[in-house]
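What follows is the content of data.tsv (TSV, N, CA, C and O atoms).
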chain	number	residue	atom	x	y	z
A	12	MET	N	-5.06	-6.01	-129.34
A	12	MET	CA	-4.84	-4.78	-128.58
A	12	MET	C	-5.18	-5.04	-127.13
A	12	MET	O	-6.22	-5.59	-126.82
A	13	LEU	N	-4.29	-4.62	-126.27
A	13	LEU	CA	-4.50	-4.78	-124.83
A	13	LEU	C	-5.10	-3.49	-124.28
A	13	LEU	O	-4.59	-2.40	-124.53
A	14	VAL	N	-6.19	-3.60	-123.55
A	14	VAL	CA	-6.85	-2.45	-122.92
A	14	VAL	C	-6.63	-2.57	-121.42
A	14	VAL	O	-6.97	-3.60	-120.82
A	15	ILE	N	-6.06	-1.51	-120.83
A	15	ILE	CA	-5.79	-1.50	-119.39
A	15	ILE	C	-6.32	-0.22	-118.77
A	15	ILE	O	-6.59	0.75	-119.47
A	16	THR	N	-6.44	-0.21	-117.47
A	16	THR	CA	-6.86	1.00	-116.78
A	16	THR	C	-5.65	1.89	-116.52
A	16	THR	O	-4.50	1.42	-116.56
A	17	SER	N	-5.91	3.15	-116.25
A	17	SER	CA	-4.80	4.06	-115.95
A	17	SER	C	-4.08	3.62	-114.69
A	17	SER	O	-2.86	3.78	-114.58
A	18	ARG	N	-4.79	3.05	-113.75
A	18	ARG	CA	-4.16	2.55	-112.52
A	18	ARG	C	-3.21	1.40	-112.83
A	18	ARG	O	-2.08	1.36	-112.35
A	19	GLU	N	-3.66	0.46	-113.68
A	19	GLU	CA	-2.78	-0.64	-114.08
A	19	GLU	C	-1.52	-0.11	-114.77
A	19	GLU	O	-0.43	-0.60	-114.54
A	20	PHE	N	-1.72	0.89	-115.61
A	20	PHE	CA	-0.58	1.47	-116.32
A	20	PHE	C	0.41	2.09	-115.34
A	20	PHE	O	1.62	1.87	-115.44
A	21	ARG	N	-0.09	2.88	-114.41
A	21	ARG	CA	0.79	3.53	-113.43
A	21	ARG	C	1.60	2.50	-112.63
A	21	ARG	O	2.77	2.69	-112.36
A	22	GLU	N	0.95	1.41	-112.27
A	22	GLU	CA	1.60	0.41	-111.44
A	22	GLU	C	2.64	-0.44	-112.19
A	22	GLU	O	3.52	-1.01	-111.57
A	23	ASN	N	2.51	-0.52	-113.53
A	23	ASN	CA	3.38	-1.40	-114.30
A	23	ASN	C	3.89	-0.74	-115.57
A	23	ASN	O	3.98	-1.38	-116.62
A	24	GLN	N	4.25	0.53	-115.48
A	24	GLN	CA	4.66	1.28	-116.67
A	24	GLN	C	5.77	0.61	-117.46
A	24	GLN	O	5.68	0.48	-118.69
A	25	ALA	N	6.81	0.20	-116.80
A	25	ALA	CA	7.97	-0.37	-117.50
A	25	ALA	C	7.58	-1.57	-118.34
A	25	ALA	O	7.98	-1.69	-119.50
A	26	SER	N	6.77	-2.46	-117.78
A	26	SER	CA	6.40	-3.67	-118.53
A	26	SER	C	5.51	-3.31	-119.72
A	26	SER	O	5.64	-3.92	-120.79
A	27	TYR	N	4.65	-2.32	-119.58
A	27	TYR	CA	3.80	-1.91	-120.71
A	27	TYR	C	4.62	-1.22	-121.79
A	27	TYR	O	4.40	-1.44	-122.98
A	28	PHE	N	5.59	-0.40	-121.41
A	28	PHE	CA	6.48	0.21	-122.41
A	28	PHE	C	7.28	-0.86	-123.15
A	28	PHE	O	7.47	-0.78	-124.36
A	29	ASP	N	7.73	-1.88	-122.43
A	29	ASP	CA	8.46	-2.99	-123.08
A	29	ASP	C	7.57	-3.69	-124.09
A	29	ASP	O	8.02	-4.05	-125.19
A	30	ARG	N	6.30	-3.89	-123.75
A	30	ARG	CA	5.38	-4.56	-124.67
A	30	ARG	C	5.12	-3.71	-125.91
A	30	ARG	O	5.06	-4.24	-127.02
A	31	VAL	N	5.02	-2.39	-125.73
A	31	VAL	CA	4.83	-1.49	-126.87
A	31	VAL	C	6.08	-1.55	-127.76
A	31	VAL	O	5.97	-1.59	-128.99
A	32	ASP	N	7.26	-1.56	-127.16
A	32	ASP	CA	8.51	-1.64	-127.93
A	32	ASP	C	8.56	-2.91	-128.78
A	32	ASP	O	9.19	-2.92	-129.82
A	33	LYS	N	7.88	-3.95	-128.32
A	33	LYS	CA	7.86	-5.22	-129.07
A	33	LYS	C	6.73	-5.25	-130.10
A	33	LYS	O	6.51	-6.26	-130.75
A	34	GLY	N	5.99	-4.14	-130.23
A	34	GLY	CA	4.97	-4.05	-131.27
A	34	GLY	C	3.54	-4.23	-130.80
A	34	GLY	O	2.61	-4.16	-131.61
A	35	GLU	N	3.33	-4.46	-129.52
A	35	GLU	CA	1.97	-4.64	-129.03
A	35	GLU	C	1.27	-3.29	-128.89
A	35	GLU	O	1.88	-2.30	-128.50
A	36	GLU	N	0.00	-3.26	-129.24
A	36	GLU	CA	-0.79	-2.03	-129.08
A	36	GLU	C	-1.42	-2.03	-127.70
A	36	GLU	O	-2.02	-3.03	-127.29
A	37	ILE	N	-1.30	-0.91	-127.01
A	37	ILE	CA	-1.87	-0.79	-125.67
A	37	ILE	C	-2.74	0.45	-125.61
A	37	ILE	O	-2.34	1.54	-126.03
A	38	LEU	N	-3.93	0.26	-125.10
A	38	LEU	CA	-4.89	1.34	-124.92
A	38	LEU	C	-5.11	1.52	-123.43
A	38	LEU	O	-5.43	0.55	-122.73
A	39	VAL	N	-4.90	2.73	-122.94
A	39	VAL	CA	-5.10	3.02	-121.52
A	39	VAL	C	-6.44	3.71	-121.38
A	39	VAL	O	-6.67	4.80	-121.92
A	40	GLN	N	-7.35	3.06	-120.64
A	40	GLN	CA	-8.70	3.60	-120.42
A	40	GLN	C	-8.67	4.48	-119.18
A	40	GLN	O	-8.19	4.07	-118.12
A	41	ARG	N	-9.16	5.70	-119.33
A	41	ARG	CA	-9.18	6.64	-118.21
A	41	ARG	C	-10.58	7.22	-118.12
A	41	ARG	O	-11.09	7.79	-119.08
A	42	LYS	N	-11.18	7.09	-116.99
A	42	LYS	CA	-12.55	7.54	-116.77
A	42	LYS	C	-13.48	6.86	-117.77
A	42	LYS	O	-13.12	5.89	-118.43
A	43	LYS	N	-14.66	7.38	-117.90
A	43	LYS	CA	-15.67	6.69	-118.71
A	43	LYS	C	-15.43	6.85	-120.22
A	43	LYS	O	-15.52	5.89	-120.97
A	44	ASN	N	-15.12	8.04	-120.66
A	44	ASN	CA	-15.05	8.30	-122.10
A	44	ASN	C	-13.68	8.76	-122.58
A	44	ASN	O	-13.58	9.45	-123.59
A	45	LYS	N	-12.62	8.40	-121.86
A	45	LYS	CA	-11.29	8.82	-122.28
A	45	LYS	C	-10.39	7.61	-122.40
A	45	LYS	O	-10.36	6.75	-121.53
A	46	ALA	N	-9.64	7.57	-123.51
A	46	ALA	CA	-8.69	6.49	-123.71
A	46	ALA	C	-7.49	7.04	-124.46
A	46	ALA	O	-7.60	8.00	-125.23
A	47	TYR	N	-6.33	6.42	-124.24
A	47	TYR	CA	-5.09	6.88	-124.85
A	47	TYR	C	-4.35	5.66	-125.40
A	47	TYR	O	-4.22	4.65	-124.72
A	48	ARG	N	-3.85	5.79	-126.61
A	48	ARG	CA	-3.06	4.73	-127.22
A	48	ARG	C	-1.59	5.06	-127.01
A	48	ARG	O	-1.15	6.17	-127.25
A	49	ILE	N	-0.82	4.08	-126.59
A	49	ILE	CA	0.61	4.29	-126.36
A	49	ILE	C	1.36	3.81	-127.60
A	49	ILE	O	1.20	2.66	-128.02
A	50	VAL	N	2.14	4.70	-128.17
A	50	VAL	CA	2.95	4.37	-129.34
A	50	VAL	C	4.35	4.91	-129.15
A	50	VAL	O	4.54	5.97	-128.54
A	51	PRO	N	5.36	4.21	-129.66
A	51	PRO	CA	6.73	4.73	-129.53
A	51	PRO	C	6.97	5.89	-130.49
A	51	PRO	O	6.37	5.96	-131.57
A	52	VAL	N	7.82	6.80	-130.11
A	52	VAL	CA	8.22	7.90	-130.98
A	52	VAL	C	9.30	7.36	-131.91
A	52	VAL	O	10.23	6.68	-131.48
A	53	THR	N	9.17	7.67	-133.20
A	53	THR	CA	10.14	7.19	-134.19
A	53	THR	C	10.95	8.36	-134.74
A	53	THR	O	10.64	9.53	-134.46
A	54	ALA	N	11.94	8.04	-135.53
A	54	ALA	CA	12.78	9.08	-136.13
A	54	ALA	C	11.97	9.98	-137.07
A	54	ALA	O	12.35	11.12	-137.31
A	55	ASP	N	10.85	9.48	-137.59
A	55	ASP	CA	10.02	10.27	-138.49
A	55	ASP	C	9.14	11.28	-137.75
A	55	ASP	O	8.57	12.16	-138.37
A	56	ASP	N	9.00	11.10	-136.44
A	56	ASP	CA	8.15	12.01	-135.67
A	56	ASP	C	8.90	13.30	-135.36
A	56	ASP	O	10.05	13.27	-134.95
A	57	THR	N	8.23	14.40	-135.60
A	57	THR	CA	8.83	15.71	-135.34
A	57	THR	C	7.87	16.50	-134.46
A	57	THR	O	6.68	16.54	-134.74
A	58	VAL	N	8.42	17.12	-133.47
A	58	VAL	CA	7.59	17.95	-132.60
A	58	VAL	C	8.11	19.38	-132.69
A	58	VAL	O	9.28	19.64	-132.43
A	59	LEU	N	7.26	20.27	-133.13
A	59	LEU	CA	7.61	21.69	-133.23
A	59	LEU	C	6.66	22.50	-132.38
A	59	LEU	O	5.48	22.19	-132.30
A	60	SER	N	7.18	23.54	-131.80
A	60	SER	CA	6.30	24.47	-131.11
A	60	SER	C	5.53	25.24	-132.17
A	60	SER	O	5.92	25.29	-133.34
A	61	LYS	N	4.46	25.84	-131.78
A	61	LYS	CA	3.66	26.62	-132.73
A	61	LYS	C	4.49	27.74	-133.34
A	61	LYS	O	4.44	27.98	-134.55
A	62	SER	N	5.31	28.41	-132.53
A	62	SER	CA	6.12	29.51	-133.05
A	62	SER	C	7.18	29.00	-134.04
A	62	SER	O	7.44	29.64	-135.06
A	63	ASP	N	7.80	27.83	-133.76
A	63	ASP	CA	8.76	27.26	-134.70
A	63	ASP	C	8.08	26.86	-136.01
A	63	ASP	O	8.62	27.08	-137.10
A	64	PHE	N	6.89	26.29	-135.91
A	64	PHE	CA	6.14	25.89	-137.09
A	64	PHE	C	5.81	27.11	-137.95
A	64	PHE	O	6.02	27.11	-139.16
A	65	LEU	N	5.32	28.17	-137.32
A	65	LEU	CA	4.98	29.38	-138.07
A	65	LEU	C	6.22	30.04	-138.66
A	65	LEU	O	6.17	30.59	-139.77
A	66	ALA	N	7.34	29.98	-137.96
A	66	ALA	CA	8.59	30.54	-138.48
A	66	ALA	C	9.04	29.78	-139.73
A	66	ALA	O	9.51	30.39	-140.70
A	67	LYS	N	8.88	28.46	-139.74
A	67	LYS	CA	9.23	27.67	-140.93
A	67	LYS	C	8.34	28.04	-142.11
A	67	LYS	O	8.80	28.12	-143.24
A	68	ILE	N	7.07	28.27	-141.85
A	68	ILE	CA	6.16	28.68	-142.92
A	68	ILE	C	6.56	30.05	-143.45
A	68	ILE	O	6.63	30.26	-144.67
A	69	ASP	N	6.86	30.99	-142.56
A	69	ASP	CA	7.29	32.33	-142.99
A	69	ASP	C	8.57	32.25	-143.83
A	69	ASP	O	8.69	32.93	-144.84
A	70	GLN	N	9.51	31.42	-143.41
A	70	GLN	CA	10.76	31.26	-144.15
A	70	GLN	C	10.49	30.68	-145.54
A	70	GLN	O	11.05	31.15	-146.54
A	71	SER	N	9.62	29.71	-145.63
A	71	SER	CA	9.29	29.11	-146.92
A	71	SER	C	8.58	30.10	-147.83
A	71	SER	O	8.85	30.15	-149.04
A	72	LEU	N	7.68	30.90	-147.27
A	72	LEU	CA	7.01	31.91	-148.07
A	72	LEU	C	8.00	32.95	-148.58
A	72	LEU	O	7.91	33.38	-149.74
A	73	ALA	N	8.94	33.36	-147.76
A	73	ALA	CA	9.95	34.33	-148.18
A	73	ALA	C	10.80	33.76	-149.31
A	73	ALA	O	11.09	34.45	-150.29
A	74	GLN	N	11.18	32.49	-149.20
A	74	GLN	CA	11.96	31.86	-150.25
A	74	GLN	C	11.15	31.80	-151.56
A	74	GLN	O	11.69	32.07	-152.63
A	75	ALA	N	9.89	31.46	-151.47
A	75	ALA	CA	9.04	31.39	-152.66
A	75	ALA	C	8.90	32.77	-153.29
A	75	ALA	O	8.97	32.91	-154.52
A	76	ASN	N	8.74	33.80	-152.48
A	76	ASN	CA	8.61	35.17	-153.00
A	76	ASN	C	9.90	35.66	-153.66
A	76	ASN	O	9.86	36.53	-154.53
A	77	GLN	N	11.04	35.10	-153.26
A	77	GLN	CA	12.33	35.45	-153.86
A	77	GLN	C	12.64	34.59	-155.08
A	77	GLN	O	13.74	34.66	-155.63
A	78	GLY	N	11.69	33.76	-155.48
A	78	GLY	CA	11.88	32.93	-156.65
A	78	GLY	C	12.56	31.61	-156.38
A	78	GLY	O	12.90	30.88	-157.30
A	79	GLN	N	12.78	31.30	-155.13
A	79	GLN	CA	13.44	30.04	-154.77
A	79	GLN	C	12.37	28.96	-154.65
A	79	GLN	O	11.97	28.56	-153.56
A	80	ARG	N	11.89	28.49	-155.78
A	80	ARG	CA	10.86	27.46	-155.77
A	80	ARG	C	11.08	26.52	-156.95
A	80	ARG	O	11.81	26.83	-157.88
A	81	TYR	N	10.47	25.39	-156.89
A	81	TYR	CA	10.61	24.37	-157.91
A	81	TYR	C	9.22	23.98	-158.41
A	81	TYR	O	8.25	24.03	-157.67
A	82	ALA	N	9.17	23.56	-159.66
A	82	ALA	CA	7.93	23.06	-160.24
A	82	ALA	C	8.23	21.78	-160.98
A	82	ALA	O	9.28	21.63	-161.60
A	83	MET	N	7.29	20.85	-160.89
A	83	MET	CA	7.44	19.60	-161.63
A	83	MET	C	7.16	19.86	-163.10
A	83	MET	O	6.29	20.66	-163.45
A	84	ASN	N	7.92	19.21	-163.95
A	84	ASN	CA	7.67	19.28	-165.37
A	84	ASN	C	6.51	18.35	-165.73
A	84	ASN	O	6.31	17.32	-165.07
A	85	GLN	N	5.78	18.71	-166.74
A	85	GLN	CA	4.66	17.88	-167.15
A	85	GLN	C	5.17	16.49	-167.52
A	85	GLN	O	6.15	16.34	-168.24
A	86	GLY	N	4.53	15.48	-166.99
A	86	GLY	CA	4.90	14.10	-167.26
A	86	GLY	C	6.05	13.59	-166.40
A	86	GLY	O	6.41	12.42	-166.49
A	87	GLU	N	6.63	14.44	-165.57
A	87	GLU	CA	7.75	14.05	-164.73
A	87	GLU	C	7.23	13.26	-163.52
A	87	GLU	O	6.25	13.64	-162.89
A	88	SER	N	7.91	12.18	-163.20
A	88	SER	CA	7.50	11.41	-162.02
A	88	SER	C	7.98	12.13	-160.76
A	88	SER	O	8.91	12.95	-160.80
A	89	LEU	N	7.35	11.83	-159.66
A	89	LEU	CA	7.75	12.44	-158.39
A	89	LEU	C	9.19	12.07	-158.05
A	89	LEU	O	9.97	12.92	-157.59
A	90	ASP	N	9.58	10.82	-158.29
A	90	ASP	CA	10.96	10.41	-158.01
A	90	ASP	C	11.95	11.20	-158.85
A	90	ASP	O	12.99	11.65	-158.34
A	91	ASP	N	11.64	11.40	-160.14
A	91	ASP	CA	12.54	12.18	-161.00
A	91	ASP	C	12.61	13.63	-160.55
A	91	ASP	O	13.68	14.24	-160.55
A	92	PHE	N	11.48	14.19	-160.16
A	92	PHE	CA	11.45	15.57	-159.67
A	92	PHE	C	12.33	15.73	-158.44
A	92	PHE	O	13.15	16.63	-158.33
A	93	LEU	N	12.16	14.82	-157.47
A	93	LEU	CA	12.95	14.90	-156.24
A	93	LEU	C	14.43	14.71	-156.51
A	93	LEU	O	15.27	15.38	-155.90
A	94	ASP	N	14.76	13.82	-157.44
A	94	ASP	CA	16.18	13.66	-157.83
A	94	ASP	C	16.72	14.94	-158.44
A	94	ASP	O	17.84	15.36	-158.16
A	95	ARG	N	15.92	15.57	-159.32
A	95	ARG	CA	16.37	16.78	-160.03
A	95	ARG	C	16.64	17.94	-159.07
A	95	ARG	O	17.60	18.69	-159.24
A	96	ILE	N	15.80	18.07	-158.06
A	96	ILE	CA	16.00	19.20	-157.12
A	96	ILE	C	16.96	18.85	-155.99
A	96	ILE	O	17.27	19.69	-155.15
A	97	GLY	N	17.40	17.59	-155.97
A	97	GLY	CA	18.37	17.20	-154.95
A	97	GLY	C	17.73	17.03	-153.58
A	97	GLY	O	18.40	17.25	-152.56
A	98	ALA	N	16.46	16.66	-153.54
A	98	ALA	CA	15.77	16.47	-152.26
A	98	ALA	C	16.34	15.28	-151.54
A	98	ALA	O	16.61	14.23	-152.13
A	99	ASP	N	16.55	15.43	-150.25
A	99	ASP	CA	17.02	14.34	-149.41
A	99	ASP	C	15.81	13.66	-148.80
A	99	ASP	O	15.31	14.08	-147.77
A	100	VAL	N	15.33	12.64	-149.47
A	100	VAL	CA	14.11	11.94	-149.03
A	100	VAL	C	14.46	10.52	-148.67
A	100	VAL	O	15.14	9.83	-149.40
A	101	GLN	N	13.99	10.11	-147.50
A	101	GLN	CA	14.23	8.73	-147.05
A	101	GLN	C	12.92	7.96	-147.12
A	101	GLN	O	11.87	8.49	-146.84
A	102	ASP	N	13.03	6.68	-147.48
A	102	ASP	CA	11.83	5.82	-147.54
A	102	ASP	C	11.33	5.51	-146.17
A	102	ASP	O	11.96	5.44	-145.22
This structure in structure tokens:
Amino acid sequence: MLVITSREFRENQASYFDRVDKGEEILVQRKKNKAYRIVPVTADDTVLSKSDFLAKIDQSLAQANQGQRYAMNQGESLDDFLDRIGADVQD
């Protein structure tokens, strides 16, 4: 892991982003007790606003209250359950 100062990061951002893209871990030290790890955003990362997150929860609760829910059968594997309900799950 490479540890750099915030000043070093500001002066050479492009090269540090390139290094992160190649898999290197970079930690940016800021002041005495603050540090930040730089990581790339992947397709699995999702960013929701608080209101969007709460709206999704409300929608899910409404669906559950209307009986739109699934339960695993006893002894059923998770893979079989997801196949049965038609879940679109990626590895």
Given only N, CA, C and O atoms as the counted atoms, nearest of A:Ser71, A:Ser17, A:Ser88, A:Ser60 to Lys45 (chain A):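 Closest residue, counting only N, CA, C and O atoms: A:Ser17.
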Minimum-distance residue to Ala82 (chain A), chosen among A:Ala54, A:Leu38, A:Ile96, A:Lys61 (using only C-alpha atoms):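 Closest to Ala82 (chain A), using only C-alpha atoms: A:Ile96.
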Work out where the centre of an axis-aligned box around every listed atom of region 27-40 of chain A lies and how long its edges are once 8 Å is added on each side; give both in Å to one decimal as JSON.
{"center_x": 0.2, "center_y": -0.7, "center_z": -124.9, "size_x": 33.9, "size_y": 27.1, "size_z": 29.5}
Could you pull out the residues in chain A that DSSP calls helix (DSSP H, G or I) from the backbone, as number ranges by chain? A: 17-22, 24-32, 61-76, 89-96
From the options A:Gly34, A:Val39, A:Glu87, A:Asp63, which residue's atoms come nearest to Phe20 (chain A), counting all atoms listed in the file?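 Nearest to Phe20 (chain A): A:Val39.
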When you draw a straight line from CA of Thr57 (chain A) to atom C of Leu89 (chain A), how long is it in Å?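 CA of Thr57 (chain A) sits 23.0 Å away from atom C of Leu89 (chain A).
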Between CA of Ala46 (chain A) and CA of Gln24 (chain A), what is the distance, to one decimal in Å?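 The value is 16.0 Å.
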Tell me which protein, DNA and RNA residues are within 10 Å of region 49-51 of chain A, counting only C-alpha atoms, leaving out same-chain ones fewer than 6 positions away, and put them as an mmCIF file with N, CA, C and O atoms, keeping the file's coordinate frame.
data_model
loop_
_atom_site.group_PDB
_atom_site.id
_atom_site.type_symbol
_atom_site.label_atom_id
_atom_site.label_comp_id
_atom_site.auth_asym_id
_atom_site.auth_seq_id
_atom_site.Cartn_x
_atom_site.Cartn_y
_atom_site.Cartn_z
ATOM 1 N N TYR A 27 4.650 -2.320 -119.580
ATOM 2 C CA TYR A 27 3.800 -1.910 -120.710
ATOM 3 C C TYR A 27 4.620 -1.220 -121.790
ATOM 4 O O TYR A 27 4.400 -1.440 -122.980
ATOM 5 N N PHE A 28 5.590 -0.400 -121.410
ATOM 6 C CA PHE A 28 6.480 0.210 -122.410
ATOM 7 C C PHE A 28 7.280 -0.860 -123.150
ATOM 8 O O PHE A 28 7.470 -0.780 -124.360
ATOM 9 N N VAL A 31 5.020 -2.390 -125.730
ATOM 10 C CA VAL A 31 4.830 -1.490 -126.870
ATOM 11 C C VAL A 31 6.080 -1.550 -127.760
ATOM 12 O O VAL A 31 5.970 -1.590 -128.990
ATOM 13 N N ASP A 32 7.260 -1.560 -127.160
ATOM 14 C CA ASP A 32 8.510 -1.640 -127.930
ATOM 15 C C ASP A 32 8.560 -2.910 -128.780
ATOM 16 O O ASP A 32 9.190 -2.920 -129.820
ATOM 17 N N GLY A 34 5.990 -4.140 -130.230
ATOM 18 C CA GLY A 34 4.970 -4.050 -131.270
ATOM 19 C C GLY A 34 3.540 -4.230 -130.800
ATOM 20 O O GLY A 34 2.610 -4.160 -131.610
ATOM 21 N N GLU A 35 3.330 -4.460 -129.520
ATOM 22 C CA GLU A 35 1.970 -4.640 -129.030
ATOM 23 C C GLU A 35 1.270 -3.290 -128.890
ATOM 24 O O GLU A 35 1.880 -2.300 -128.500
ATOM 25 N N GLU A 36 0.000 -3.260 -129.240
ATOM 26 C CA GLU A 36 -0.790 -2.030 -129.080
ATOM 27 C C GLU A 36 -1.420 -2.030 -127.700
ATOM 28 O O GLU A 36 -2.020 -3.030 -127.290
ATOM 29 N N ILE A 37 -1.300 -0.910 -127.010
ATOM 30 C CA ILE A 37 -1.870 -0.790 -125.670
ATOM 31 C C ILE A 37 -2.740 0.450 -125.610
ATOM 32 O O ILE A 37 -2.340 1.540 -126.030
ATOM 33 N N LEU A 38 -3.930 0.260 -125.100
ATOM 34 C CA LEU A 38 -4.890 1.340 -124.920
ATOM 35 C C LEU A 38 -5.110 1.520 -123.430
ATOM 36 O O LEU A 38 -5.430 0.550 -122.730
ATOM 37 N N VAL A 39 -4.900 2.730 -122.940
ATOM 38 C CA VAL A 39 -5.100 3.020 -121.520
ATOM 39 C C VAL A 39 -6.440 3.710 -121.380
ATOM 40 O O VAL A 39 -6.670 4.800 -121.920
#
